[in-house]
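The data block below is run.cif; it holds mmCIF, C-alpha atoms and all ligand atoms.
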data_work
loop_
_atom_site.label_atom_id
_atom_site.label_comp_id
_atom_site.auth_asym_id
_atom_site.auth_seq_id
_atom_site.Cartn_x
_atom_site.Cartn_y
_atom_site.Cartn_z
CA MET A 1 48.79 6.65 -79.36
CA GLN A 2 49.61 9.70 -77.37
CA GLY A 3 47.11 11.73 -79.38
CA GLU A 4 44.35 9.28 -78.64
CA MET A 5 45.05 9.42 -74.97
CA ILE A 6 44.90 13.19 -74.95
CA MET A 7 41.65 13.12 -76.86
CA ARG A 8 40.21 10.73 -74.34
CA SER A 9 41.13 12.89 -71.43
CA ILE A 10 39.65 15.93 -73.15
CA ASN A 11 36.46 13.95 -73.76
CA ASP A 12 36.41 13.01 -70.10
CA PHE A 13 36.72 16.63 -69.17
CA VAL A 14 33.91 17.60 -71.51
CA GLN A 15 31.80 14.83 -70.08
CA GLY A 16 32.47 16.03 -66.58
CA ALA A 17 31.43 19.51 -67.52
CA LYS A 18 28.21 18.20 -68.97
CA ILE A 19 27.44 16.32 -65.80
CA GLY A 20 27.98 19.45 -63.80
CA ALA A 21 25.65 21.38 -66.08
CA ILE A 22 22.99 18.72 -65.88
CA LEU A 23 23.13 18.65 -62.10
CA ILE A 24 22.62 22.39 -62.02
CA LEU A 25 19.66 22.03 -64.33
CA LEU A 26 18.19 19.35 -62.15
CA ALA A 27 18.56 21.49 -59.11
CA CYS A 28 16.27 23.98 -60.78
CA SER A 29 13.83 21.61 -62.37
CA ALA A 30 13.06 17.92 -62.51
CA SER A 31 11.87 18.09 -66.08
CA ALA A 32 12.90 15.55 -68.69
CA GLN A 33 16.41 15.68 -70.05
CA SER A 34 17.73 14.40 -73.30
CA GLY A 35 21.09 13.95 -74.86
CA GLY A 36 23.97 11.67 -75.53
CA GLY A 37 26.78 10.38 -73.31
CA TYR A 38 26.05 11.66 -69.84
CA ILE A 39 24.69 10.50 -66.53
CA VAL A 40 21.58 11.89 -64.92
CA THR A 41 21.56 11.62 -61.19
CA LYS A 42 18.53 12.71 -59.25
CA SER A 43 18.00 13.01 -55.58
CA VAL A 44 14.68 14.05 -54.14
CA VAL A 45 13.46 14.13 -50.59
CA ALA A 46 9.82 13.24 -51.06
CA GLY A 47 7.21 12.58 -53.63
CA GLY A 48 7.65 9.67 -55.95
CA GLY A 49 7.93 9.88 -59.67
CA GLY A 50 10.49 11.37 -61.95
CA THR A 51 11.00 10.84 -65.64
CA ALA A 52 14.03 11.40 -67.73
CA SER A 53 14.05 10.59 -71.42
CA GLY A 54 16.48 10.90 -74.21
CA GLY A 55 17.66 9.21 -77.34
CA THR A 56 16.06 5.90 -77.94
CA PHE A 57 14.36 5.16 -74.67
CA THR A 58 12.57 6.47 -71.63
CA THR A 59 13.12 5.44 -68.05
CA ASP A 60 10.85 6.04 -65.13
CA GLY A 61 12.26 6.20 -61.66
CA THR A 62 10.10 6.16 -58.61
CA ILE A 63 11.89 7.80 -55.77
CA GLY A 64 9.50 6.46 -53.14
CA GLN A 65 10.57 3.82 -50.70
CA PRO A 66 9.64 0.70 -52.68
CA ALA A 67 11.82 1.45 -55.67
CA ALA A 68 14.55 3.38 -53.89
CA GLY A 69 17.98 2.69 -55.24
CA THR A 70 16.87 1.24 -58.53
CA SER A 71 18.88 2.03 -61.57
CA SER A 72 17.87 1.76 -65.18
CA THR A 73 20.64 1.57 -67.70
CA GLY A 74 20.61 1.49 -71.44
CA GLY A 75 21.46 3.29 -74.62
CA SER A 76 23.22 6.51 -74.15
CA PHE A 77 22.36 7.45 -70.59
CA THR A 78 21.61 6.23 -67.10
CA LEU A 79 18.90 7.29 -64.72
CA GLN A 80 19.52 6.65 -61.09
CA GLY A 81 16.82 7.03 -58.51
CA GLY A 82 18.00 6.96 -54.96
CA TYR A 83 17.36 7.67 -51.35
CA TRP A 84 19.96 8.84 -48.92
CA ALA A 85 22.13 6.23 -47.33
CA GLY A 86 21.52 4.86 -43.90
CA GLY A 87 18.26 3.94 -42.29
CA THR A 88 19.07 0.26 -42.41
CA SER A 89 16.43 -1.52 -40.44
CA VAL A 90 17.65 -4.22 -38.11
CA ALA A 91 14.80 -6.38 -37.02
CA LYS A 92 15.18 -8.03 -33.67
CA SER A 93 14.66 -11.67 -34.31
CA ILE A 94 12.67 -13.52 -31.75
CA HIS A 95 14.37 -16.77 -31.01
CA SER A 96 13.52 -17.53 -27.45
CA ARG A 97 14.51 -20.90 -26.17
CA ALA A 98 11.92 -23.53 -25.30
CA ASP A 99 9.16 -21.34 -26.69
CA PHE A 100 6.45 -23.88 -27.53
CA ASP A 101 3.63 -21.43 -28.24
CA GLY A 102 5.69 -18.94 -30.21
CA ASP A 103 4.99 -15.82 -28.18
CA GLY A 104 8.65 -15.00 -27.72
CA LYS A 105 8.77 -16.18 -24.13
CA THR A 106 10.59 -19.20 -22.83
CA ASP A 107 8.08 -21.68 -21.41
CA LEU A 108 8.47 -23.67 -18.22
CA SER A 109 8.92 -27.11 -19.70
CA VAL A 110 10.45 -30.45 -18.80
CA PHE A 111 11.11 -33.89 -20.24
CA ARG A 112 10.40 -36.76 -17.91
CA PRO A 113 12.61 -39.73 -18.78
CA SER A 114 10.55 -42.14 -16.71
CA ASP A 115 7.46 -41.77 -18.92
CA GLY A 116 8.90 -40.17 -22.05
CA ASN A 117 6.57 -37.20 -21.73
CA TRP A 118 7.17 -33.54 -22.40
CA TYR A 119 5.31 -31.18 -20.08
CA ALA A 120 5.14 -27.54 -21.10
CA LEU A 121 3.32 -24.71 -19.36
CA LYS A 122 2.73 -22.36 -22.24
CA SER A 123 3.35 -18.73 -21.32
CA GLY A 124 0.42 -17.73 -23.53
CA GLY A 125 -1.89 -20.09 -21.65
CA GLY A 126 -2.52 -23.81 -21.59
CA VAL A 127 -0.56 -26.92 -20.99
CA LEU A 128 1.15 -29.18 -23.47
CA VAL A 129 1.70 -32.84 -22.60
CA THR A 130 3.12 -35.06 -25.31
CA SER A 131 4.76 -38.44 -25.28
CA TRP A 132 7.87 -38.09 -27.37
CA GLY A 133 11.03 -40.06 -26.75
CA ALA A 134 12.47 -42.75 -24.54
CA ALA A 135 14.36 -42.58 -21.28
CA THR A 136 17.71 -43.05 -22.97
CA ASP A 137 17.11 -40.40 -25.64
CA THR A 138 18.70 -36.97 -25.54
CA THR A 139 16.32 -34.05 -25.95
CA VAL A 140 17.22 -31.71 -28.79
CA PRO A 141 14.57 -28.99 -28.82
CA GLY A 142 14.66 -26.43 -31.60
CA ASP A 143 12.61 -24.74 -34.27
CA TYR A 144 13.14 -27.22 -37.10
CA ASP A 145 10.21 -26.06 -39.26
CA HIS A 146 10.62 -22.31 -38.76
CA ASP A 147 7.17 -21.54 -37.44
CA GLY A 148 8.53 -19.66 -34.44
CA LYS A 149 7.71 -22.46 -32.04
CA ALA A 150 10.05 -24.96 -30.45
CA ASP A 151 9.56 -28.50 -31.67
CA MET A 152 9.81 -31.51 -29.47
CA ALA A 153 12.71 -33.59 -30.68
CA VAL A 154 15.02 -36.29 -29.39
CA TYR A 155 18.32 -37.78 -30.47
CA ARG A 156 18.77 -41.50 -29.99
CA PRO A 157 22.45 -42.20 -29.24
CA SER A 158 22.18 -45.91 -29.97
CA SER A 159 21.12 -45.37 -33.58
CA GLY A 160 22.20 -41.81 -34.33
CA GLN A 161 18.61 -40.98 -35.26
CA TRP A 162 16.75 -37.72 -34.75
CA PHE A 163 12.99 -37.88 -34.13
CA ILE A 164 11.43 -34.50 -34.69
CA LEU A 165 7.77 -33.64 -34.14
CA ARG A 166 7.10 -30.53 -36.20
CA SER A 167 4.85 -28.07 -34.44
CA SER A 168 3.55 -26.57 -37.68
CA ASP A 169 1.77 -29.66 -38.94
CA PHE A 170 2.52 -32.37 -36.36
CA THR A 171 4.30 -34.46 -38.92
CA VAL A 172 7.28 -36.53 -37.89
CA ASN A 173 10.72 -36.19 -39.34
CA VAL A 174 13.25 -38.93 -38.74
CA VAL A 175 16.81 -38.18 -39.73
CA GLY A 176 19.87 -40.39 -39.38
CA TRP A 177 22.68 -38.05 -38.42
CA GLY A 178 25.28 -39.15 -35.91
CA ALA A 179 27.19 -42.12 -34.61
CA GLY A 180 28.17 -43.60 -31.28
CA GLY A 181 29.91 -41.09 -29.04
CA ASP A 182 28.63 -38.05 -30.92
CA VAL A 183 27.13 -35.16 -29.02
CA PRO A 184 24.02 -33.66 -30.65
CA THR A 185 24.46 -29.93 -31.26
CA ALA A 186 21.32 -28.63 -32.97
CA GLY A 187 21.38 -25.06 -34.21
CA ASP A 188 20.62 -22.95 -37.25
CA PHE A 189 24.06 -23.03 -38.77
CA ASP A 190 22.99 -21.92 -42.25
CA GLY A 191 20.70 -19.17 -41.02
CA ASP A 192 17.53 -20.13 -42.90
CA GLY A 193 15.46 -20.02 -39.73
CA LYS A 194 15.27 -23.77 -39.39
CA ALA A 195 17.28 -25.68 -36.82
CA ASP A 196 19.74 -28.09 -38.39
CA GLU A 197 20.64 -31.53 -37.14
CA ALA A 198 24.27 -31.43 -36.10
CA VAL A 199 26.68 -33.41 -33.96
CA TYR A 200 30.07 -32.84 -32.40
CA ARG A 201 32.41 -35.81 -32.52
CA PRO A 202 34.79 -35.34 -29.60
CA SER A 203 37.18 -38.11 -30.65
CA ALA A 204 37.96 -36.28 -33.88
CA GLY A 205 37.19 -32.73 -32.80
CA GLN A 206 34.80 -32.55 -35.74
CA TRP A 207 31.42 -31.00 -36.35
CA PHE A 208 28.92 -32.52 -38.77
CA VAL A 209 26.12 -30.20 -39.76
CA PHE A 210 23.17 -31.26 -41.91
CA ARG A 211 22.07 -28.00 -43.48
CA SER A 212 18.33 -27.51 -43.80
CA SER A 213 18.70 -25.01 -46.62
CA ASP A 214 20.14 -27.41 -49.18
CA ASN A 215 20.34 -30.78 -47.43
CA GLY A 216 24.10 -30.55 -47.73
CA ALA A 217 26.69 -31.42 -45.12
CA SER A 218 29.28 -29.21 -43.49
CA ILE A 219 32.20 -30.91 -41.77
CA ILE A 220 34.25 -28.58 -39.62
CA ASN A 221 37.34 -29.32 -37.57
CA TRP A 222 36.96 -27.30 -34.41
CA GLY A 223 37.79 -28.55 -30.93
CA ASN A 224 39.48 -31.39 -29.13
CA PRO A 225 38.23 -34.50 -27.30
CA THR A 226 37.82 -32.82 -23.90
CA ASP A 227 36.03 -29.75 -25.22
CA VAL A 228 32.35 -29.07 -24.68
CA PRO A 229 30.32 -27.80 -27.64
CA VAL A 230 28.81 -24.35 -27.02
CA GLN A 231 27.31 -23.61 -30.43
CA SER A 232 25.42 -20.33 -30.42
CA ASP A 233 25.12 -17.13 -32.44
CA TYR A 234 27.89 -14.99 -31.00
CA ASP A 235 28.14 -12.47 -33.83
CA GLY A 236 24.42 -11.99 -34.27
CA ASP A 237 24.19 -12.77 -37.97
CA GLY A 238 21.40 -15.27 -37.48
CA LYS A 239 23.67 -18.24 -38.00
CA THR A 240 24.69 -20.54 -35.19
CA ASP A 241 28.46 -20.52 -34.78
CA VAL A 242 30.55 -23.59 -34.18
CA ALA A 243 32.18 -23.15 -30.77
CA VAL A 244 33.69 -25.10 -27.89
CA PHE A 245 34.46 -24.46 -24.24
CA ARG A 246 37.57 -26.01 -22.75
CA PRO A 247 36.78 -26.81 -19.11
CA SER A 248 40.39 -27.41 -18.11
CA THR A 249 41.48 -23.87 -19.03
CA GLY A 250 38.23 -21.91 -19.07
CA GLN A 251 38.86 -20.96 -22.68
CA TRP A 252 36.24 -20.35 -25.34
CA PHE A 253 37.04 -21.08 -28.96
CA LEU A 254 34.49 -19.49 -31.23
CA PHE A 255 34.35 -19.93 -34.98
CA ARG A 256 31.98 -17.09 -35.75
CA SER A 257 30.18 -17.28 -39.08
CA THR A 258 30.68 -13.61 -39.92
CA ASP A 259 33.26 -12.20 -37.49
CA GLY A 260 35.67 -15.12 -37.70
CA PRO A 261 37.57 -16.97 -34.98
CA LEU A 262 37.83 -15.72 -31.42
CA VAL A 263 39.59 -17.23 -28.45
CA ALA A 264 38.57 -15.87 -25.06
CA GLY A 265 39.50 -16.80 -21.51
CA TRP A 266 36.30 -16.70 -19.46
CA GLY A 267 35.84 -19.15 -16.62
CA ILE A 268 37.71 -21.67 -14.54
CA ALA A 269 37.61 -25.42 -14.13
CA GLY A 270 34.26 -26.47 -12.72
CA ASP A 271 32.31 -23.66 -14.38
CA LYS A 272 29.31 -24.47 -16.56
CA PRO A 273 28.90 -22.59 -19.83
CA VAL A 274 25.63 -20.62 -19.90
CA GLU A 275 25.95 -18.72 -23.18
CA ALA A 276 22.86 -16.65 -23.97
CA ASP A 277 21.92 -13.10 -24.96
CA TYR A 278 21.66 -11.39 -21.59
CA ASP A 279 22.03 -7.83 -22.86
CA GLY A 280 19.60 -8.22 -25.73
CA ASP A 281 21.81 -7.13 -28.60
CA ASN A 282 20.98 -10.26 -30.57
CA LYS A 283 24.42 -11.70 -29.93
CA ASP A 284 24.84 -14.53 -27.49
CA ASP A 285 27.21 -13.65 -24.69
CA ILE A 286 30.04 -15.73 -23.38
CA ALA A 287 29.03 -16.64 -19.84
CA VAL A 288 29.61 -19.22 -17.12
CA TYR A 289 27.75 -20.34 -14.02
CA ARG A 290 29.97 -21.19 -11.07
CA PRO A 291 28.30 -23.78 -8.86
CA SER A 292 30.79 -23.20 -6.05
CA ASP A 293 29.62 -19.63 -5.45
CA GLY A 294 26.28 -19.50 -7.31
CA ASN A 295 27.52 -16.64 -9.47
CA TRP A 296 26.79 -15.95 -13.10
CA TYR A 297 29.76 -14.39 -14.87
CA ILE A 298 28.54 -12.77 -18.06
CA PHE A 299 30.69 -11.10 -20.66
CA ARG A 300 28.28 -8.70 -22.31
CA SER A 301 28.71 -8.53 -26.07
CA SER A 302 27.18 -5.07 -26.34
CA ASP A 303 29.83 -3.24 -24.33
CA SER A 304 32.43 -5.89 -23.45
CA SER A 305 31.73 -5.39 -19.77
CA ALA A 306 31.22 -8.05 -17.13
CA SER A 307 28.08 -8.74 -15.16
CA ILE A 308 28.36 -10.84 -12.02
CA ILE A 309 25.03 -11.96 -10.62
CA ASN A 310 24.45 -14.26 -7.69
CA TRP A 311 21.56 -16.55 -8.51
CA GLY A 312 21.60 -20.22 -7.53
CA ASN A 313 23.50 -22.78 -5.52
CA ALA A 314 25.87 -25.65 -6.13
CA THR A 315 23.30 -28.29 -7.10
CA ASP A 316 20.98 -26.11 -9.19
CA ILE A 317 20.65 -26.55 -12.93
CA PRO A 318 21.15 -23.29 -14.86
CA ILE A 319 18.35 -22.70 -17.36
CA PRO A 320 18.83 -19.29 -19.00
CA GLY A 321 16.06 -18.13 -21.32
CA ASP A 322 13.87 -15.16 -22.08
CA TYR A 323 10.98 -15.86 -19.73
CA ASP A 324 9.45 -12.39 -19.90
CA GLY A 325 9.95 -11.96 -23.62
CA ASP A 326 11.79 -8.63 -23.55
CA GLY A 327 14.53 -9.82 -25.89
CA LYS A 328 17.02 -10.39 -23.09
CA ASP A 329 17.78 -13.80 -21.70
CA ASP A 330 17.29 -14.09 -17.98
CA GLU A 331 19.39 -15.84 -15.36
CA ALA A 332 17.40 -18.81 -14.11
CA ILE A 333 17.88 -22.08 -12.25
CA TYR A 334 15.88 -25.27 -11.83
CA ARG A 335 15.80 -26.90 -8.40
CA ASP A 336 13.92 -30.20 -8.18
CA GLY A 337 10.77 -28.94 -9.87
CA THR A 338 10.97 -25.31 -8.81
CA TRP A 339 11.95 -22.57 -11.21
CA PHE A 340 13.74 -19.46 -9.97
CA VAL A 341 13.91 -16.88 -12.71
CA LEU A 342 15.50 -13.45 -12.48
CA GLN A 343 13.50 -11.84 -15.26
CA SER A 344 15.19 -8.84 -16.82
CA THR A 345 11.99 -6.80 -17.02
CA ALA A 346 9.23 -8.60 -15.11
CA GLY A 347 11.19 -9.31 -11.94
CA VAL A 348 11.62 -12.49 -9.97
CA LEU A 349 9.51 -15.51 -10.92
CA VAL A 350 9.29 -18.54 -8.67
CA ALA A 351 7.10 -21.35 -9.98
CA SER A 352 6.64 -25.09 -9.62
CA TRP A 353 6.68 -27.12 -12.81
CA GLY A 354 8.11 -30.60 -13.00
CA ALA A 355 9.71 -32.91 -10.50
CA ALA A 356 13.10 -34.02 -9.34
CA GLY A 357 14.69 -36.09 -12.09
CA ASP A 358 12.98 -34.17 -14.87
CA ILE A 359 15.12 -32.46 -17.46
CA PRO A 360 14.25 -28.77 -17.81
CA ILE A 361 14.08 -28.05 -21.54
CA PRO A 362 15.77 -24.62 -21.46
CA ALA A 363 18.85 -26.40 -20.08
CA ARG A 364 19.09 -28.26 -23.37
CA TYR A 365 20.16 -25.13 -25.23
CA ILE A 366 23.43 -25.07 -23.30
CA PRO A 367 25.80 -27.97 -22.58
CA CA A 401 19.03 -24.13 -40.86
CA CA A 402 26.77 -16.38 -36.23
CA CA A 403 24.47 -10.17 -26.19
CA CA A 404 14.08 -11.35 -20.38
#

Translate this file's structure into structure tokens.
Amino acid sequence: MQGEMIMRSINDFVQGAKIGAILILLACSASAQSGGGYIVTKSVVAGGGGTASGGTFTTDGTIGQPAAGTSSTGGSFTLQGGYWAGGTSVAKSIHSRADFDGDGKTDLSVFRPSDGNWYALKSGGGVLVTSWGAATDTTVPGDYDHDGKADMAVYRPSSGQWFILRSSDFTVNVVGWGAGGDVPTAGDFDGDGKADEAVYRPSAGQWFVFRSSDNGASIINWGNPTDVPVQSDYDGDGKTDVAVFRPSTGQWFLFRSTDGPLVAGWGIAGDKPVEADYDGDNKDDIAVYRPSDGNWYIFRSSDSSASIINWGNATDIPIPGDYDGDGKDDEAIYRDGTWFVLQSTAGVLVASWGAAGDIPIPARYIP
């Protein structure tokens, strides 16, 4: 046995020497190599196309972008084509709230319980008026069909039904998902780009998510009866995270889909959660609006610093959203039909859209 082990280690050494020799050869020339038990590793900066052959087969490696990192294995050797590490592209996903025309900007939009109409002033031009829902329904806007546009949708507490009007083909989807006392908490929990029907059951502290990706159910214990659901994507992985805000203590309990649980103290009793991505790093930020002083207290995810912005008064409805489409959510409030938006790039916007008693749709993305 000992002899075999020594032989193996000698073979390993010989193999290592061969690899070294081959690498030197390759440094001089990219011509074809042949031989038995060794590995050919090639790295080139530009120009696709390299061939190495030997023994019983030939492999072609294209070192251009499309085939970078491929590896062909077989017989007595391996050819690896590669590009240097890094250069990972991170695409900024556009997921603006209440964006009915899909241009990446939040649209001024309201639901009027008295007539069951949705009224949207599309930022790209035009007006959308659609009858969808009853006075006692709860609006649950979201992109359920993944066409980049918000769909009009309502949850009917009496029956636990969701009525969704898909913007892509104007077909109707009716889903039974919820029971009496449940709070609808739509979001893209499975990260397939489609909003999922979901409810929080305060009595049990349970979340019920109907996943769009596989029509399966997720049941998650997270929260207590007095908590307020604040589902959002706090870790920026494209999946909505189960989360609750505890008004009595100002604590946030996040169950982040990638980064795991986080408990944070941010706010006091009486504050309203206004989680949104104010710093534009694709992660929603823990934030509260304090009616008593009209301040927005934002905990920026990008640098863990605090922003305090005075914007609103005690009776205003906070309606954060990305109204100028720069990728950062903007502080905004709705006051009896007037919108006051502190746009992060385009400056202050004051506009009339809706009436007292209307429900501003951007408000439906926060509790
Ligand atoms: Ca989904
Ligand atoms: Ca997430
Ligand atoms: Ca952020
Ligand atoms: Ca903005």

Compile a residue-level contact table for region 186-293 of chain A against region 337-358 of chain A at a cut-off of 10 Å, reporting for every qualifying residue the shortest atom pair and its distance in Å to one decimal, with only C-alpha atoms counted, rows ordered by chain and ascending number, as CSV.
residue,atom,partner,partner_atom,distance
A:Tyr278,CA,A:Ser344,CA,8.4
A:Asp279,CA,A:Ser344,CA,9.2
A:Gly280,CA,A:Ser344,CA,10.0

Interface rows for chain A against ligand CA 402 (chain A): nearest pair, Å to one decimal, 10 Å, only C-alpha atoms and all ligand atoms, as CSV:
residue,atom,partner,partner_atom,distance
A:Asp188,CA,A:CA402,CA,9.1
A:Phe189,CA,A:CA402,CA,7.6
A:Asp190,CA,A:CA402,CA,9.0
A:Gly191,CA,A:CA402,CA,8.2
A:Gln231,CA,A:CA402,CA,9.3
A:Ser232,CA,A:CA402,CA,7.2
A:Asp233,CA,A:CA402,CA,4.2
A:Tyr234,CA,A:CA402,CA,5.5
A:Asp235,CA,A:CA402,CA,4.8
A:Gly236,CA,A:CA402,CA,5.4
A:Asp237,CA,A:CA402,CA,4.8
A:Gly238,CA,A:CA402,CA,5.6
A:Lys239,CA,A:CA402,CA,4.0
A:Thr240,CA,A:CA402,CA,4.8
A:Asp241,CA,A:CA402,CA,4.7
A:Val242,CA,A:CA402,CA,8.4
A:Leu254,CA,A:CA402,CA,9.7
A:Phe255,CA,A:CA402,CA,8.5
A:Arg256,CA,A:CA402,CA,5.3
A:Ser257,CA,A:CA402,CA,4.5
A:Thr258,CA,A:CA402,CA,6.0
A:Asp259,CA,A:CA402,CA,7.8
A:Gly260,CA,A:CA402,CA,9.1
A:Lys283,CA,A:CA402,CA,8.2
A:Asp284,CA,A:CA402,CA,9.1

Hey, which residues sit close to ligand CA 404 (chain A)? Say within 7 Å, counting all atoms listed in the file, and write them as a list in words. Asp322, Tyr323, Asp324, Gly325, Asp326, Gly327, Lys328, Asp329, Asp330, Gln343, Ser344 and Thr345 of chain A

Could you give me the residues within 10 Å of ligand CA 401 (chain A), counting only C-alpha atoms and all ligand atoms, as a PyMOL selection string? chain A and resi 143-146+186-197+209-215+238-240

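Relative to CA of Trp252 (chain A), CA of Ala269 (chain A) is found at 12.4 Å.
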
In the coordinate frame of the file, compute which residues have an atom within 9 Å of (23.9, -20.7, -25.6) when using all atoms listed in the file, and state them as an mmCIF file with C-alpha atoms, in the frame of the given file.
data_model
loop_
_atom_site.group_PDB
_atom_site.id
_atom_site.type_symbol
_atom_site.label_atom_id
_atom_site.label_comp_id
_atom_site.auth_asym_id
_atom_site.auth_seq_id
_atom_site.Cartn_x
_atom_site.Cartn_y
_atom_site.Cartn_z
ATOM 1 C CA VAL A 230 28.810 -24.350 -27.020
ATOM 2 C CA GLN A 231 27.310 -23.610 -30.430
ATOM 3 C CA SER A 232 25.420 -20.330 -30.420
ATOM 4 C CA ASP A 233 25.120 -17.130 -32.440
ATOM 5 C CA TYR A 234 27.890 -14.990 -31.000
ATOM 6 C CA PRO A 273 28.900 -22.590 -19.830
ATOM 7 C CA VAL A 274 25.630 -20.620 -19.900
ATOM 8 C CA GLU A 275 25.950 -18.720 -23.180
ATOM 9 C CA ALA A 276 22.860 -16.650 -23.970
ATOM 10 C CA ASP A 277 21.920 -13.100 -24.960
ATOM 11 C CA ASP A 284 24.840 -14.530 -27.490
ATOM 12 C CA ASP A 285 27.210 -13.650 -24.690
ATOM 13 C CA ILE A 286 30.040 -15.730 -23.380
ATOM 14 C CA ALA A 287 29.030 -16.640 -19.840
ATOM 15 C CA PRO A 320 18.830 -19.290 -19.000
ATOM 16 C CA TYR A 365 20.160 -25.130 -25.230
ATOM 17 C CA ILE A 366 23.430 -25.070 -23.300
ATOM 18 C CA PRO A 367 25.800 -27.970 -22.580
#
